file final04.cif (mmCIF, C-alpha atoms)
data_entry
#
loop_
_atom_site.label_atom_id
_atom_site.label_comp_id
_atom_site.auth_asym_id
_atom_site.auth_seq_id
_atom_site.Cartn_x
_atom_site.Cartn_y
_atom_site.Cartn_z
CA MET A 15 -34.78 -54.33 3.02
CA ALA A 16 -38.43 -53.35 2.38
CA ARG A 17 -38.90 -52.86 6.11
CA LEU A 18 -35.78 -50.72 6.32
CA LEU A 19 -36.95 -48.48 3.48
CA ALA A 20 -40.33 -48.11 5.13
CA LEU A 21 -38.63 -47.13 8.38
CA VAL A 22 -36.59 -44.47 6.56
CA ALA A 23 -39.73 -43.04 5.00
CA VAL A 24 -41.40 -42.78 8.40
CA LEU A 25 -38.41 -41.16 10.03
CA ALA A 26 -38.15 -38.61 7.19
CA SER A 27 -41.54 -37.25 8.21
CA THR A 28 -40.64 -36.77 11.88
CA THR A 29 -39.36 -33.60 13.65
CA LEU A 30 -35.82 -34.35 12.47
CA VAL A 31 -36.64 -33.61 8.82
CA CYS A 32 -34.72 -30.78 7.12
CA GLY A 33 -36.51 -27.52 7.79
CA CYS A 34 -38.07 -28.47 11.15
CA SER A 35 -37.77 -25.95 13.95
CA SER A 36 -35.55 -27.72 16.46
CA THR A 37 -32.81 -29.12 14.24
CA THR A 38 -33.06 -27.64 10.78
CA THR A 39 -30.19 -26.75 8.51
CA GLY A 40 -28.67 -23.47 9.68
CA ALA A 41 -30.17 -23.50 13.16
CA ALA A 42 -26.81 -22.37 14.56
CA SER A 43 -25.71 -20.61 11.33
CA THR A 44 -22.50 -21.08 9.38
CA GLY A 45 -19.65 -21.33 11.86
CA GLY A 46 -22.10 -21.41 14.77
CA ASN A 47 -21.81 -23.37 17.96
CA PRO A 48 -21.27 -26.79 16.45
CA SER A 49 -20.60 -26.06 12.75
CA GLN A 50 -22.44 -25.53 9.53
CA GLY A 51 -25.84 -26.95 10.12
CA GLY A 52 -28.09 -27.45 13.09
CA THR A 53 -27.49 -27.91 16.75
CA VAL A 54 -28.14 -31.65 16.68
CA SER A 55 -28.70 -32.77 13.13
CA ALA A 56 -28.66 -31.54 9.56
CA ALA A 57 -30.05 -32.26 6.17
CA GLY A 58 -31.11 -35.84 6.01
CA GLY A 59 -31.95 -36.41 9.70
CA VAL A 60 -31.11 -39.86 10.99
CA ALA A 61 -30.79 -41.20 7.48
CA THR A 62 -28.17 -40.02 5.01
CA GLY A 63 -25.80 -37.90 7.05
CA GLY A 64 -26.63 -39.65 10.32
CA SER A 65 -27.68 -38.19 13.62
CA LEU A 66 -25.09 -35.43 13.34
CA ALA A 67 -24.67 -35.12 9.58
CA THR A 68 -22.92 -32.47 7.52
CA GLY A 69 -21.85 -29.61 9.75
CA ALA A 70 -22.76 -31.35 13.01
CA THR A 71 -20.96 -30.95 16.32
CA SER A 72 -17.90 -32.83 15.11
CA ALA A 73 -16.50 -32.81 11.61
CA SER A 74 -17.91 -33.18 8.14
CA GLY A 75 -20.47 -35.80 8.67
CA GLY A 76 -20.41 -35.43 12.48
CA ILE A 77 -19.90 -38.32 14.87
CA SER A 78 -21.21 -40.84 12.43
CA ALA A 79 -20.77 -38.84 9.19
CA VAL A 80 -22.03 -39.98 5.82
CA GLY A 81 -24.11 -43.02 6.43
CA GLY A 82 -25.06 -42.02 9.99
CA THR A 83 -25.33 -44.17 13.07
CA PRO A 84 -27.38 -47.07 11.67
CA SER A 85 -26.96 -46.29 7.95
CA THR A 86 -24.29 -46.90 5.36
CA GLY A 87 -20.97 -47.13 7.06
CA GLY A 88 -22.42 -47.74 10.51
CA SER A 89 -21.12 -46.29 13.76
CA THR A 90 -17.53 -46.29 12.68
CA ALA A 91 -17.99 -45.82 8.95
CA THR A 92 -16.60 -42.90 6.99
CA GLY A 93 -16.71 -40.05 9.41
CA GLY A 94 -17.95 -42.37 12.15
CA PHE A 95 -17.17 -42.23 15.87
CA SER A 96 -13.50 -42.67 15.07
CA PRO A 97 -11.94 -39.42 13.83
CA ALA A 98 -12.10 -40.36 10.15
CA PRO A 99 -12.12 -37.58 7.52
CA GLY A 100 -14.00 -34.85 9.28
CA GLY A 101 -13.61 -36.61 12.63
CA THR A 102 -13.80 -35.10 16.07
CA THR A 103 -10.99 -32.61 15.58
CA ALA A 104 -10.59 -32.62 11.79
CA LEU A 105 -11.76 -30.07 9.25
CA GLY A 106 -15.05 -28.78 10.41
CA GLY A 107 -14.60 -30.44 13.79
CA SER A 108 -15.42 -28.95 17.15
CA THR A 109 -12.10 -27.18 17.24
CA SER A 110 -11.32 -26.86 13.53
CA SER A 111 -12.71 -25.11 10.44
CA GLY A 112 -16.29 -24.42 11.25
CA GLY A 113 -15.82 -25.91 14.69
CA ALA A 114 -17.03 -24.62 18.03
CA THR A 115 -14.95 -21.49 17.75
CA ALA A 116 -14.29 -21.50 13.99
CA SER A 117 -15.41 -19.05 11.30
CA GLY A 118 -18.01 -16.95 12.99
CA GLY A 119 -17.40 -18.75 16.26
CA GLY A 120 -16.50 -17.40 19.68
CA THR A 121 -13.10 -15.74 19.44
CA ASN A 122 -11.23 -17.73 16.81
CA SER A 123 -10.76 -17.51 13.13
CA ARG A 124 -9.35 -19.95 10.64
CA GLY A 125 -9.01 -23.38 12.08
CA GLY A 126 -10.22 -22.82 15.64
CA ALA A 127 -8.17 -24.26 18.47
CA SER A 128 -6.63 -26.90 16.17
CA SER A 129 -4.91 -25.90 12.90
CA GLY A 130 -2.76 -23.17 14.34
CA GLY A 131 -3.55 -23.99 17.93
CA ALA A 132 -4.09 -21.78 20.92
CA THR A 133 -0.99 -19.70 20.37
CA SER A 134 -0.34 -19.77 16.62
CA LEU A 135 -1.99 -18.42 13.52
CA GLY A 136 -5.67 -19.01 13.92
CA GLY A 137 -5.17 -19.72 17.62
CA SER A 138 -7.55 -18.85 20.41
CA THR A 139 -6.59 -15.22 20.11
CA SER A 140 -5.60 -15.14 16.43
CA SER A 141 -7.06 -13.29 13.45
CA GLY A 142 -10.31 -11.90 14.72
CA GLY A 143 -9.51 -13.07 18.23
CA GLU A 144 -8.79 -11.08 21.36
CA SER A 145 -5.26 -10.15 20.35
CA GLN A 146 -3.97 -10.10 16.78
CA SER A 147 -2.22 -12.43 14.35
CA GLY A 148 0.11 -14.47 16.45
CA GLY A 149 -2.15 -14.51 19.46
CA SER A 150 -1.35 -13.94 23.04
CA THR A 151 2.01 -15.64 22.91
CA SER A 152 2.87 -15.15 19.24
CA SER A 153 6.11 -16.04 17.45
CA GLY A 154 8.50 -16.81 20.29
CA GLY A 155 6.81 -14.28 22.55
CA VAL A 156 5.82 -14.48 26.20
CA ALA A 157 2.25 -13.33 26.69
CA GLY A 158 2.60 -11.45 23.44
CA GLN A 159 5.32 -9.20 24.87
CA SER A 160 6.78 -8.54 21.50
CA GLY A 161 5.39 -11.15 19.16
CA THR A 162 4.14 -10.41 15.69
CA GLY A 163 0.77 -8.84 16.24
CA GLY A 164 0.92 -9.79 19.91
CA ALA A 165 -0.18 -7.69 22.83
CA SER A 166 2.80 -5.36 22.59
CA GLY A 167 3.83 -5.69 18.94
CA GLY A 168 7.23 -6.25 17.40
CA THR A 169 8.85 -9.29 15.86
CA GLY A 170 10.18 -11.97 18.13
CA GLY A 171 9.59 -12.10 21.84
CA GLY A 172 10.65 -13.20 25.26
CA PRO A 173 12.43 -16.51 25.32
CA GLY A 174 12.13 -17.09 21.59
CA THR A 175 15.03 -14.76 20.97
CA GLY A 176 16.02 -14.13 24.57
CA PRO A 177 15.02 -11.40 27.01
CA SER A 178 15.23 -7.81 25.89
CA TYR A 179 18.17 -5.78 27.22
CA PRO A 180 18.54 -2.34 25.61
CA TYR A 181 22.14 -1.97 26.87
CA ILE A 182 24.58 -4.64 28.01
CA PHE A 183 27.75 -3.96 29.98
CA SER A 184 30.48 -6.61 30.22
CA CYS A 185 33.30 -6.14 32.72
CA PHE A 186 35.41 -8.19 35.11
CA ASN A 187 35.63 -8.32 38.86
CA ASP A 188 39.15 -7.23 39.66
CA SER A 189 38.65 -7.71 43.39
CA ALA A 190 38.01 -11.43 42.95
CA PRO A 191 40.94 -13.86 42.92
CA SER A 192 39.91 -15.20 39.53
CA SER A 193 38.70 -11.89 38.01
CA ASP A 194 35.56 -13.44 36.53
CA LEU A 195 33.06 -12.05 34.04
CA ILE A 196 30.23 -9.79 35.25
CA ILE A 197 27.24 -8.68 33.16
CA TYR A 198 25.16 -5.57 33.87
CA THR A 199 22.14 -4.34 31.92
CA SER A 200 20.41 -0.99 31.57
CA ASN A 201 17.38 0.61 29.92
CA ASP A 202 19.05 3.99 29.42
CA GLY A 203 22.75 3.20 29.05
CA LEU A 204 23.55 4.99 32.31
CA ASN A 205 21.80 3.32 35.25
CA PHE A 206 23.00 -0.26 35.23
CA THR A 207 21.75 -3.22 37.25
CA LEU A 208 23.70 -6.39 37.94
CA LEU A 209 22.36 -9.22 35.81
CA TYR A 210 24.90 -12.00 36.41
CA ASP A 211 28.17 -12.46 38.22
CA THR A 212 28.79 -15.38 35.89
CA GLY A 213 31.82 -17.00 37.49
CA TYR A 214 33.24 -17.56 34.00
CA VAL A 215 37.04 -17.24 33.99
CA GLY A 216 38.09 -18.57 30.58
CA PRO A 217 40.62 -21.23 29.65
CA SER A 218 43.47 -19.91 31.81
CA GLY A 219 41.32 -19.58 34.94
CA TYR A 220 41.70 -15.78 34.84
CA LEU A 221 39.75 -13.32 32.71
CA ARG A 222 40.38 -9.65 31.98
CA ASP A 223 39.27 -6.96 29.51
CA PRO A 224 36.04 -8.60 28.26
CA SER A 225 34.55 -7.09 25.10
CA ILE A 226 31.05 -8.23 24.12
CA MET A 227 29.26 -8.46 20.75
CA LYS A 228 25.94 -9.86 19.53
CA HIS A 229 26.50 -11.94 16.40
CA THR A 230 24.20 -12.69 13.46
CA ASP A 231 23.44 -16.14 14.94
CA GLY A 232 21.70 -14.45 17.88
CA LYS A 233 24.38 -15.43 20.38
CA PHE A 234 26.61 -13.13 22.40
CA TYR A 235 30.37 -13.44 21.93
CA LEU A 236 33.08 -12.34 24.30
CA ALA A 237 36.72 -11.57 23.42
CA PHE A 238 39.08 -11.26 26.39
CA THR A 239 42.61 -11.32 27.72
CA THR A 240 43.78 -14.61 29.26
CA PRO A 241 46.50 -13.84 31.84
CA PRO A 242 48.28 -16.82 33.36
CA ASP A 243 47.60 -15.63 36.91
CA ALA A 244 45.72 -12.99 38.90
CA GLY A 245 48.21 -10.30 37.95
CA CYS A 246 47.33 -8.07 35.02
CA CYS A 247 50.49 -8.36 33.02
CA GLY A 248 51.83 -11.85 32.87
CA PRO A 249 52.97 -13.05 29.45
CA GLN A 250 50.28 -14.01 26.95
CA THR A 251 50.62 -15.15 23.35
CA SER A 252 46.91 -15.39 22.50
CA PHE A 253 43.45 -14.09 23.35
CA ALA A 254 40.25 -16.09 23.82
CA ILE A 255 36.65 -16.03 22.61
CA ALA A 256 33.58 -17.39 24.40
CA SER A 257 29.89 -17.50 23.53
CA SER A 258 26.55 -17.53 25.33
CA SER A 259 22.90 -17.59 24.35
CA ASN A 260 21.65 -16.20 27.68
CA LEU A 261 24.50 -13.99 29.03
CA LYS A 262 24.80 -16.28 32.05
CA ASP A 263 26.34 -19.52 30.82
CA TRP A 264 29.52 -19.07 28.79
CA THR A 265 31.52 -21.59 26.78
CA THR A 266 35.03 -21.06 25.42
CA VAL A 267 34.86 -21.12 21.62
CA THR A 268 38.53 -20.79 20.73
CA GLN A 269 41.89 -19.29 21.59
CA VAL A 270 43.41 -17.11 18.89
CA PRO A 271 47.22 -17.08 18.73
CA SER A 272 48.78 -13.71 18.02
CA GLY A 273 50.98 -15.21 15.30
CA ILE A 274 53.59 -12.54 16.03
CA ALA A 275 57.19 -13.45 16.83
CA GLY A 276 58.51 -12.28 20.18
CA VAL A 277 55.08 -11.39 21.53
CA ASN A 278 54.84 -10.96 25.29
CA ASN A 279 51.50 -9.23 25.84
CA VAL A 280 48.23 -9.74 24.00
CA TRP A 281 45.84 -7.32 25.65
CA ALA A 282 42.30 -5.99 25.48
CA PRO A 283 40.82 -7.62 22.36
CA GLU A 284 37.96 -5.38 21.26
CA TRP A 285 35.18 -6.22 18.80
CA PHE A 286 34.55 -3.90 15.87
CA LYS A 287 31.77 -4.55 13.35
CA ASP A 288 32.23 -2.35 10.29
CA THR A 289 29.32 -0.78 8.42
CA ASP A 290 29.64 -3.41 5.70
CA GLY A 291 29.07 -6.15 8.29
CA THR A 292 32.66 -7.39 8.44
CA ILE A 293 33.89 -8.37 11.88
CA HIS A 294 37.25 -7.44 13.37
CA ILE A 295 38.94 -7.75 16.73
CA LEU A 296 41.43 -5.01 17.62
CA VAL A 297 44.23 -6.20 19.91
CA SER A 298 47.01 -4.39 21.73
CA ILE A 299 50.28 -6.27 21.13
CA ASN A 300 53.28 -5.76 23.40
CA SER A 301 51.72 -2.71 25.07
CA SER A 302 52.23 -0.45 22.09
CA THR A 303 50.86 -1.58 18.71
CA THR A 304 47.29 -2.25 17.60
CA TYR A 305 46.58 -5.19 15.30
CA ARG A 306 43.33 -6.28 13.71
CA TYR A 307 42.21 -9.90 13.37
CA GLU A 308 39.39 -11.24 11.18
CA PRO A 309 37.50 -14.56 11.33
CA THR A 310 37.79 -16.89 8.36
CA ASP A 311 34.22 -18.19 8.75
CA ASN A 312 30.97 -17.14 10.37
CA THR A 313 31.38 -19.49 13.34
CA LEU A 314 34.11 -17.23 14.78
CA THR A 315 36.16 -20.30 15.63
CA LYS A 316 38.89 -19.75 13.02
CA TRP A 317 40.89 -16.55 12.60
CA GLY A 318 43.50 -15.18 10.26
CA THR A 319 46.81 -13.58 11.19
CA GLY A 320 47.06 -10.11 12.67
CA THR A 321 47.51 -6.92 10.62
CA LYS A 322 48.82 -3.60 11.93
CA ILE A 323 46.38 -0.73 11.61
CA GLY A 324 48.96 2.07 11.61
CA MET A 325 48.46 2.91 15.26
CA THR A 326 51.38 2.80 17.71
CA GLY A 327 52.04 4.00 21.23
CA VAL A 328 48.48 3.25 22.36
CA ILE A 329 46.50 0.37 23.88
CA ASP A 330 42.83 -0.50 24.45
CA THR A 331 41.66 0.70 21.04
CA PHE A 332 37.89 0.97 20.53
CA MET A 333 36.44 1.82 17.11
CA VAL A 334 33.27 3.30 15.61
CA LYS A 335 32.57 4.40 12.06
CA VAL A 336 30.42 7.33 10.95
CA GLY A 337 29.94 7.82 7.24
CA ASP A 338 33.33 7.24 5.63
CA THR A 339 35.35 8.16 8.72
CA TYR A 340 36.74 5.78 11.34
CA HIS A 341 36.91 7.10 14.89
CA SER A 342 39.29 5.51 17.36
CA PHE A 343 39.34 5.86 21.14
CA SER A 344 42.47 4.56 22.80
CA LYS A 345 44.82 5.05 25.70
CA GLY A 346 48.14 6.75 25.11
CA SER A 347 49.44 9.25 27.62
CA TYR A 348 45.70 9.92 28.08
CA VAL A 349 42.49 8.61 26.56
CA GLN A 350 42.39 10.16 23.10
CA HIS A 351 40.24 10.42 19.99
CA GLY A 352 41.59 9.84 16.47
CA THR A 353 40.19 9.74 12.94
CA ALA A 354 41.19 8.02 9.71
CA PRO A 355 39.77 7.43 6.22
CA SER A 356 40.31 3.66 6.57
CA LEU A 357 40.65 1.14 9.37
CA ASP A 358 44.37 0.90 8.66
CA GLY A 359 44.94 4.66 8.88
CA PRO A 360 46.63 7.01 8.57
CA TRP A 361 45.42 8.27 11.95
CA THR A 362 45.10 11.88 13.07
CA TYR A 363 44.49 12.74 16.73
CA ASP A 364 42.70 15.83 17.96
CA GLY A 365 45.29 16.33 20.74
CA ILE A 366 42.67 17.15 23.38
CA SER A 367 42.36 15.38 26.71
CA HIS A 368 38.55 15.28 26.79
CA TRP A 369 38.39 12.83 29.70
CA PRO A 370 41.05 13.67 32.30
CA GLY A 371 39.43 11.35 34.87
CA CYS A 372 39.75 8.30 32.61
CA LYS A 373 42.68 5.95 32.92
CA GLU A 374 42.10 3.41 30.13
CA ALA A 375 39.64 1.11 28.34
CA PRO A 376 37.40 3.57 26.47
CA ALA A 377 34.18 2.28 24.90
CA VAL A 378 31.63 4.35 22.98
CA ILE A 379 27.95 3.89 22.09
CA GLY A 380 25.65 6.00 19.94
CA LEU A 381 22.58 7.43 21.67
CA PRO A 382 19.10 7.71 20.10
CA ASP A 383 19.45 11.48 19.55
CA GLY A 384 22.63 11.10 17.48
CA THR A 385 25.04 12.01 20.29
CA TRP A 386 27.57 9.69 21.94
CA ARG A 387 28.41 8.26 25.33
CA LEU A 388 31.92 7.20 26.29
CA PHE A 389 32.71 4.79 29.12
CA CYS A 390 36.15 4.40 30.63
CA ASP A 391 38.03 2.76 33.46
CA ALA A 392 39.16 5.34 36.01
CA GLY A 393 41.16 2.95 38.15
CA GLY A 394 40.91 3.35 41.92
CA GLY A 395 39.13 6.69 41.59
CA GLY A 396 35.80 5.03 40.80
CA HIS A 397 36.33 2.32 38.32
CA GLU A 398 33.79 3.01 35.57
CA LYS A 399 32.93 6.50 34.40
CA SER A 400 30.84 7.93 31.59
CA SER A 401 30.88 11.13 29.55
CA ASP A 402 28.37 12.40 26.97
CA GLY A 403 29.62 13.88 23.71
CA SER A 404 28.22 15.85 20.81
CA ALA A 405 27.34 14.29 17.46
CA ASP A 406 30.65 15.52 15.98
CA PHE A 407 32.74 14.14 18.90
CA LYS A 408 34.15 17.58 19.64
CA THR A 409 32.60 18.47 23.00
CA TRP A 410 32.20 16.18 26.00
CA THR A 411 30.83 16.42 29.52
CA THR A 412 33.03 15.79 32.54
CA ALA A 413 33.42 12.06 33.10
CA THR A 414 31.53 10.98 36.23
CA THR A 415 31.36 7.66 38.05
CA LEU A 416 28.56 5.40 36.89
CA PRO A 417 25.87 4.95 39.55
CA ASN A 418 25.17 1.51 41.02
CA VAL A 419 28.07 -0.49 39.60
CA GLY A 420 30.56 0.00 42.43
CA ASN A 421 34.34 0.05 42.42
CA ASN A 422 35.10 -3.65 42.14
CA ILE A 423 34.71 -3.82 38.38
CA SER A 424 37.07 -2.84 35.62
CA HIS A 425 37.57 -2.48 31.85
CA GLY A 426 34.00 -2.64 30.64
CA THR A 427 32.45 -2.58 27.19
CA VAL A 428 28.88 -1.42 26.61
CA ILE A 429 26.79 -2.43 23.60
CA LYS A 430 23.20 -2.08 22.50
CA GLY A 431 21.55 -5.38 23.25
CA ASN A 432 18.65 -5.18 20.78
#
call {"tool": "encode", "arguments": {"input": "final04.cif", "output": "structure tokens"}}
result
Amino acid sequence: MARLLALVAVLASTTLVCGCSSTTTGAASTGGNPSQGGTVSAAGGVATGGSLATGATSASGGISAVGGTPSTGGSTATGGFSPAPGGTTALGGSTSSGGATASGGGTNSRGGASSGGATSLGGSTSSGGESQSGGSTSSGGVAGQSGTGGASGGTGGGPGTGPSYPYIFSCFNDSAPSSDLIIYTSNDGLNFTLLYDTGYVGPSGYLRDPSIMKHTDGKFYLAFTTPPDAGCCGPQTSFAIASSSNLKDWTTVTQVPSGIAGVNNVWAPEWFKDTDGTIHILVSINSSTTYRYEPTDNTLTKWGTGTKIGMTGVIDTFMVKVGDTYHSFSKGSYVQHGTAPSLDGPWTYDGISHWPGCKEAPAVIGLPDGTWRLFCDAGGGGHEKSSDGSADFKTWTTATTLPNVGNNISHGTVIKGN
């Protein structure tokens, strides 16, 4: 023991002593290349604190921590070669608080590459880093496309919440034997590009009149007619609902019976989300009367019975609400616009044929400037058309065929995807 104490006294006077030029405390500054303390050693030299003591390249106490390589605790003592408290990647370690890129380090901030990691808070591009809080890939983002504080800003991101589609257009291919679901997308609500010809045909093997909605769970839901064959008008007693998280792969969620005696046709179920958040599906029953259906829980798998909404002699009813007024767009002898103080009426129609080129299936979206755009099925004359209307719904442009989508699609519904 006397010899060991003598050896310690000798070593304390060597170039490793605190304050010497090559390895003194603070040689790399707080948060510097290794950590708090010098490049190789720190206060205490080889003795207390070991060869890489407090603030050394690794964690608190460095590779051999308190007690150092030959001292108390030996090579694997507290803080030793094994990643004990303050070990290689722990607090103060080469990639943690005070680590190689920690406080004051290269590009990181709190916690370096660990604690928060390369893409989370404190990551390689986090607070103080190249990007902003959330780093280059941020919360759910892809290369920070829209992550919190990411390269482009905005909450969420690429695959975390799904790709961004400003407008989504669901329709069916009426030239195909099975009339399957087709999805188009658009940045401006006018020039659409085919996203998926999904091949989804629903529980009957035939799908028509698909109406799409994005639900509060982040998934897309489809309501549609389920004819028994390729013809449009075979008998149906129910409509169906499907869901998808990516717009490509669809799963049937449920079939909703009409619950109406003597029903022969259950057509064109259309989503309507009221301003209070309640969800409805408007359905044309027996080619003449519009009913509304509501889910009994948020899963959209269970539904109540239908209720008439005071609208007869029309089909394909689509609804929007502005202020306290409900606006309906439906097909009677022509595509017409109606208003009512409640969803159940009474309904008043303006009596004007604003869209003489439209056959059926109107759908309306609000545009960023407060005006409106109506889409409709024009039949063989160019299946899908659009018309722009004023904020008060009173004046409309001539309906013209949508570019790019072709004539093999029918009965579409357009929604805002984001």
call {"tool": "closest_residue", "arguments": {"input": "final04.cif", "among": "A:Asp358, A:Asp391, A:Asp290, A:Asp311", "to": "Ile323 in chain A", "atoms": "only C-alpha atoms"}}
result
A:Asp358
call {"tool": "closest_residue", "arguments": {"input": "final04.cif", "among": "A:Gly276, A:Pro309, A:Gly359, A:Pro283", "to": "Thr240 in chain A", "atoms": "only C-alpha atoms"}}
result
A:Pro283
call {"tool": "residues_around", "arguments": {"input": "final04.cif", "residues": "range 201-216 of chain A", "least_positions_apart": "5", "cutoff": "6 Å", "atoms": "only C-alpha atoms", "output": "list in words"}}
result
Pro180, Tyr181, Asp194, Leu195, Ile196, Leu221 and Lys262 of chain A
call {"tool": "atom_distance", "arguments": {"input": "final04.cif", "atom1": "CA of Lys233 in chain A", "atom2": "CA of Arg387 in chain A"}}
result
24.5 Å
call {"tool": "atom_distance", "arguments": {"input": "final04.cif", "atom1": "CA of Val334 in chain A", "atom2": "CA of Ala377 in chain A"}}
result
9.4 Å
call {"tool": "atom_distance", "arguments": {"input": "final04.cif", "atom1": "CA of Asp330 in chain A", "atom2": "CA of Val297 in chain A"}}
result
7.4 Å
call {"tool": "residues_around", "arguments": {"input": "final04.cif", "residues": "Gly393 in chain A", "least_positions_apart": "4", "cutoff": "8 Å", "atoms": "only C-alpha atoms", "output": "list in words"}}
result
Cys372, Lys373, His397, Glu398 and Ser424 of chain A
call {"tool": "closest_residue", "arguments": {"input": "final04.cif", "among": "A:Tyr363, A:Phe234, A:Tyr179, A:Trp369", "to": "Thr199 in chain A", "atoms": "only C-alpha atoms"}}
result
A:Tyr179
call {"tool": "resolve_selection", "arguments": {"input": "final04.cif", "expression": "the PyMOL selection byres ((chain A and resi 375) around 12)", "output": "number ranges by chain"}}
result
A: 185, 222-225, 281-284, 298, 328-333, 342-346, 348-350, 369, 372-374, 376-378, 388-393, 397-400, 424-428
call {"tool": "resolve_selection", "arguments": {"input": "final04.cif", "expression": "the PyMOL selection byres ((chain A and resi 318) around 6)", "output": "number ranges by chain"}}
result
A: 308, 317, 319
call {"tool": "residues_near_point", "arguments": {"input": "final04.cif", "point": "(59.1, -11.8, 19.6)", "cutoff": "12 Å", "atoms": "all atoms listed in the file", "output": "list in words"}}
result
Pro249, Gln250, Thr251, Ser272, Gly273, Ile274, Ala275, Gly276, Val277, Asn278, Asn279, Val280, Ile299 and Asn300 of chain A
call {"tool": "resolve_selection", "arguments": {"input": "final04.cif", "expression": "the PyMOL selection byres ((chain A and resi 231) around 12)", "output": "VMD selection string"}}
result
chain A and resid 175 227 to 230 232 to 235 257 to 259 312 to 314
call {"tool": "closest_residue", "arguments": {"input": "final04.cif", "among": "A:Thr326, A:Thr412, A:Thr304, A:Ser218", "to": "Gly248 in chain A", "atoms": "all atoms listed in the file"}}
result
A:Ser218
